[in-house]
Amino acid sequence: MICEAIDLTGSAFQRILKFVKPGVKEYEIEAELTHEFLFQGASGSAYHPIIATGINACSLHYIENSSECKDGELLLMDFGAEYGNYAADLTRTIPVNGRFTDRQRACYNSVLRVLRQSDRLLVPGNSVDKVNKEVNKLMEDEMIGLGLFGREGVDRQDPEKPLFAKYFMHGVSHFLGLDVHDVRLKVRAFQAGNGLHF
């Protein structure tokens, strides 16, 4: 059921890639997602979708979904279908006009590199806490490469307030199941067959 929910979510994302353009409202994108979910046999969204263009993407868990997508902006989407009572969860960022600026592309590629390196962490015996700690190190290195801060600043930082947290204040993995954030301890080791979102 989780795999089917994920497939339906991927189908909705492909639909959105063809729909997004300057002038479209965030709520119109949400409506397109809902239509695709229902059309494909899902019961709807697994949670309230985040459709955040421009500055709205800087608000963690923004759900107003009322702004107009503008040329040159990025669009952050966090959504998932519910199928057979099981949840999917997908987060993606795309350029509203279909083209990244040089800086947007550099940031996107940094996150993509971390994602590709992180895939190796999702193995039995690891845990959400261990994954997040490793990803934080990877993100810190990428942020140094982007010029957001330097290695010397990292060496002097307060361990309770790491520099990367200004730009990356969220974890990267959680369990999926009957709820989009299914119940399980973040320190408990992964087992084969666990439903994880990454």
# chains A, B, ... in the order shown; residues from 1 in each chain; ligands from 1
$ residues_around --residues "Gly23 in chain A" --least-positions-apart "3" --cutoff "7 Å" --atoms "only C-alpha atoms" --output "list in words"
Glu68, Cys69 and Lys70 of chain A
$ write_last_selection --atoms "all heavy atoms" --output "compact mmCIF listing (two decimals), in the first residue's frame"
# COMPACT_ATOMS: atom_id res chain seq x y z
N GLU A 68 0.92 33.75 -5.55
CA GLU A 68 1.14 33.55 -6.98
C GLU A 68 2.60 33.18 -7.21
O GLU A 68 3.51 33.79 -6.65
CB GLU A 68 0.80 34.83 -7.74
CG GLU A 68 1.03 34.74 -9.23
CD GLU A 68 0.67 36.03 -9.94
OE1 GLU A 68 -0.38 36.60 -9.64
OE2 GLU A 68 1.48 36.47 -10.79
N CYS A 69 2.84 32.18 -8.05
CA CYS A 69 4.19 31.78 -8.44
C CYS A 69 4.73 32.78 -9.46
O CYS A 69 4.07 33.05 -10.46
CB CYS A 69 4.18 30.38 -9.04
SG CYS A 69 3.58 29.11 -7.92
N LYS A 70 5.90 33.31 -9.18
CA LYS A 70 6.46 34.36 -10.04
C LYS A 70 7.69 33.88 -10.80
O LYS A 70 8.42 33.00 -10.33
CB LYS A 70 6.80 35.58 -9.19
CG LYS A 70 5.58 36.21 -8.56
CD LYS A 70 5.89 37.53 -7.91
CE LYS A 70 4.61 38.20 -7.49
NZ LYS A 70 4.22 37.99 -6.14
$ residues_around --residues "Gly41 in chain A" --least-positions-apart "3" --cutoff "12 Å" --atoms "only C-alpha atoms" --output "PyMOL selection string"
chain A and resi 1+4-5+7-9+11-12+34-38+44-45+81-85
$ write_last_selection --atoms "C-alpha atoms" --output "CSV table (one decimal), in the first residue's frame"
chain,number,residue,atom,x,y,z
A,1,MET,CA,0.0,0.0,0.0
A,4,GLU,CA,1.2,2.3,-4.4
A,5,ALA,CA,0.8,5.6,-2.4
A,7,ASP,CA,3.6,5.6,-7.2
A,8,LEU,CA,0.5,7.8,-7.1
A,9,THR,CA,2.5,10.7,-5.6
A,11,SER,CA,2.4,10.5,-11.0
A,12,ALA,CA,1.0,13.7,-9.4
A,34,THR,CA,-5.7,16.5,-5.3
A,35,HIS,CA,-7.3,15.9,-8.7
A,36,GLU,CA,-4.5,13.5,-9.7
A,37,PHE,CA,-4.6,11.6,-6.4
A,38,LEU,CA,-8.4,11.1,-6.6
A,44,GLY,CA,-6.7,12.1,-1.2
A,45,SER,CA,-3.7,13.7,0.5
A,81,ALA,CA,-1.0,10.6,-1.5
A,82,GLU,CA,-3.0,8.4,0.9
A,83,TYR,CA,-3.8,5.0,-0.5
A,84,GLY,CA,-5.5,2.2,1.5
A,85,ASN,CA,-4.9,4.3,4.6
$ closest_residue --among "A:Gln14, A:Gln104, A:Ser59, A:Ser110" --to "His170 in chain A" --atoms "only C-alpha atoms"
A:Ser59
$ select_by_dssp --residues "range 39-153 of chain A" --states "strand (DSSP E)" --output "PyMOL selection string"
chain A and resi 44-45+50-53+74-79+81-83+86-87+90-95
$ select_by_dssp --residues "range 10-178 of chain A" --states "helix (DSSP H, G or I)" --output "number ranges by chain"
A: 10-19, 26-39, 54-58, 102-121, 128-145, 151-156, 163-166
$ residues_around --residues "Leu178 in chain A" --least-positions-apart "3" --cutoff "8 Å" --atoms "only C-alpha atoms" --output "VMD selection string"
chain A and resid 85 to 87 182
$ residues_around --residues "Lys25 in chain A" --least-positions-apart "2" --cutoff "12 Å" --atoms "only C-alpha atoms" --output "PyMOL selection string"
chain A and resi 19-23+27-32+51-54+64-70+75+96
$ residues_around --residues "range 131-143 of chain A" --least-positions-apart "3" --cutoff "6 Å" --atoms "only C-alpha atoms" --output "list in words"
Ser110, Val128, Leu146, Leu148, Phe164 and Gly171 of chain A
$ atom_distance --atom1 "CA of His174 in chain A" --atom2 "CA of Asp129 in chain A"
9.7 Å
$ atom_distance --atom1 "CA of Phe13 in chain A" --atom2 "CA of Arg92 in chain A"
8.8 Å
$ residues_around --residues "Gly193 in chain A" --least-positions-apart "2" --cutoff "12 Å" --atoms "only C-alpha atoms" --output "JSON, numbers by chain"
{"A": [2, 3, 122, 123, 124, 175, 176, 177, 190, 191, 195, 196]}
$ write_last_selection --atoms "N, CA, C and O atoms" --output "PDB file, in the first residue's frame"
ATOM      1  N   ILE A   2       1.957   1.228   0.770  1.00  0.00           N
ATOM      2  CA  ILE A   2       2.871   2.381   0.783  1.00  0.00           C
ATOM      3  C   ILE A   2       3.465   2.584  -0.603  1.00  0.00           C
ATOM      4  O   ILE A   2       3.538   3.714  -1.101  1.00  0.00           O
ATOM      5  N   CYS A   3       3.875   1.492  -1.243  1.00  0.00           N
ATOM      6  CA  CYS A   3       4.464   1.603  -2.587  1.00  0.00           C
ATOM      7  C   CYS A   3       3.457   2.190  -3.574  1.00  0.00           C
ATOM      8  O   CYS A   3       3.817   3.016  -4.422  1.00  0.00           O
ATOM      9  N   LEU A 122      20.710   4.381   4.291  1.00  0.00           N
ATOM     10  CA  LEU A 122      19.432   3.723   4.570  1.00  0.00           C
ATOM     11  C   LEU A 122      19.594   2.213   4.473  1.00  0.00           C
ATOM     12  O   LEU A 122      19.184   1.570   3.505  1.00  0.00           O
ATOM     13  N   VAL A 123      20.220   1.666   5.496  1.00  0.00           N
ATOM     14  CA  VAL A 123      20.500   0.234   5.549  1.00  0.00           C
ATOM     15  C   VAL A 123      20.104  -0.305   6.926  1.00  0.00           C
ATOM     16  O   VAL A 123      20.113   0.425   7.919  1.00  0.00           O
ATOM     17  N   PRO A 124      19.742  -1.590   6.981  1.00  0.00           N
ATOM     18  CA  PRO A 124      19.440  -2.184   8.288  1.00  0.00           C
ATOM     19  C   PRO A 124      20.603  -1.967   9.256  1.00  0.00           C
ATOM     20  O   PRO A 124      21.776  -2.058   8.879  1.00  0.00           O
ATOM     21  N   PHE A 175       9.799   7.692   9.547  1.00  0.00           N
ATOM     22  CA  PHE A 175       9.102   6.472   9.167  1.00  0.00           C
ATOM     23  C   PHE A 175       7.762   6.801   8.530  1.00  0.00           C
ATOM     24  O   PHE A 175       7.092   7.747   8.912  1.00  0.00           O
ATOM     25  N   LEU A 176       7.395   6.008   7.530  1.00  0.00           N
ATOM     26  CA  LEU A 176       6.102   6.106   6.860  1.00  0.00           C
ATOM     27  C   LEU A 176       5.249   4.905   7.242  1.00  0.00           C
ATOM     28  O   LEU A 176       5.765   3.826   7.517  1.00  0.00           O
ATOM     29  N   GLY A 177       3.958   5.093   7.206  1.00  0.00           N
ATOM     30  CA  GLY A 177       3.039   3.987   7.469  1.00  0.00           C
ATOM     31  C   GLY A 177       1.620   4.483   7.411  1.00  0.00           C
ATOM     32  O   GLY A 177       1.241   5.187   6.474  1.00  0.00           O
ATOM     33  N   PHE A 190      17.147   0.524  11.964  1.00  0.00           N
ATOM     34  CA  PHE A 190      16.313   0.139  10.833  1.00  0.00           C
ATOM     35  C   PHE A 190      16.326  -1.382  10.696  1.00  0.00           C
ATOM     36  O   PHE A 190      17.332  -2.039  10.970  1.00  0.00           O
ATOM     37  N   GLN A 191      15.203  -1.891  10.219  1.00  0.00           N
ATOM     38  CA  GLN A 191      15.108  -3.304   9.872  1.00  0.00           C
ATOM     39  C   GLN A 191      14.677  -3.398   8.423  1.00  0.00           C
ATOM     40  O   GLN A 191      14.045  -2.482   7.890  1.00  0.00           O
ATOM     41  N   GLY A 195       9.277   1.163   6.318  1.00  0.00           N
ATOM     42  CA  GLY A 195       8.862   2.244   5.417  1.00  0.00           C
ATOM     43  C   GLY A 195       9.507   3.535   5.871  1.00  0.00           C
ATOM     44  O   GLY A 195       9.200   4.033   6.949  1.00  0.00           O
ATOM     45  N   LEU A 196      10.420   4.063   5.055  1.00  0.00           N
ATOM     46  CA  LEU A 196      11.126   5.299   5.394  1.00  0.00           C
ATOM     47  C   LEU A 196      10.909   6.349   4.331  1.00  0.00           C
ATOM     48  O   LEU A 196      10.817   6.032   3.152  1.00  0.00           O
TER      49      LEU A 196
END
$ closest_residue --among "A:Asn109, A:Ala57, A:Ser118, A:Asp158" --to "Thr91 in chain A" --atoms "only C-alpha atoms"
A:Ala57
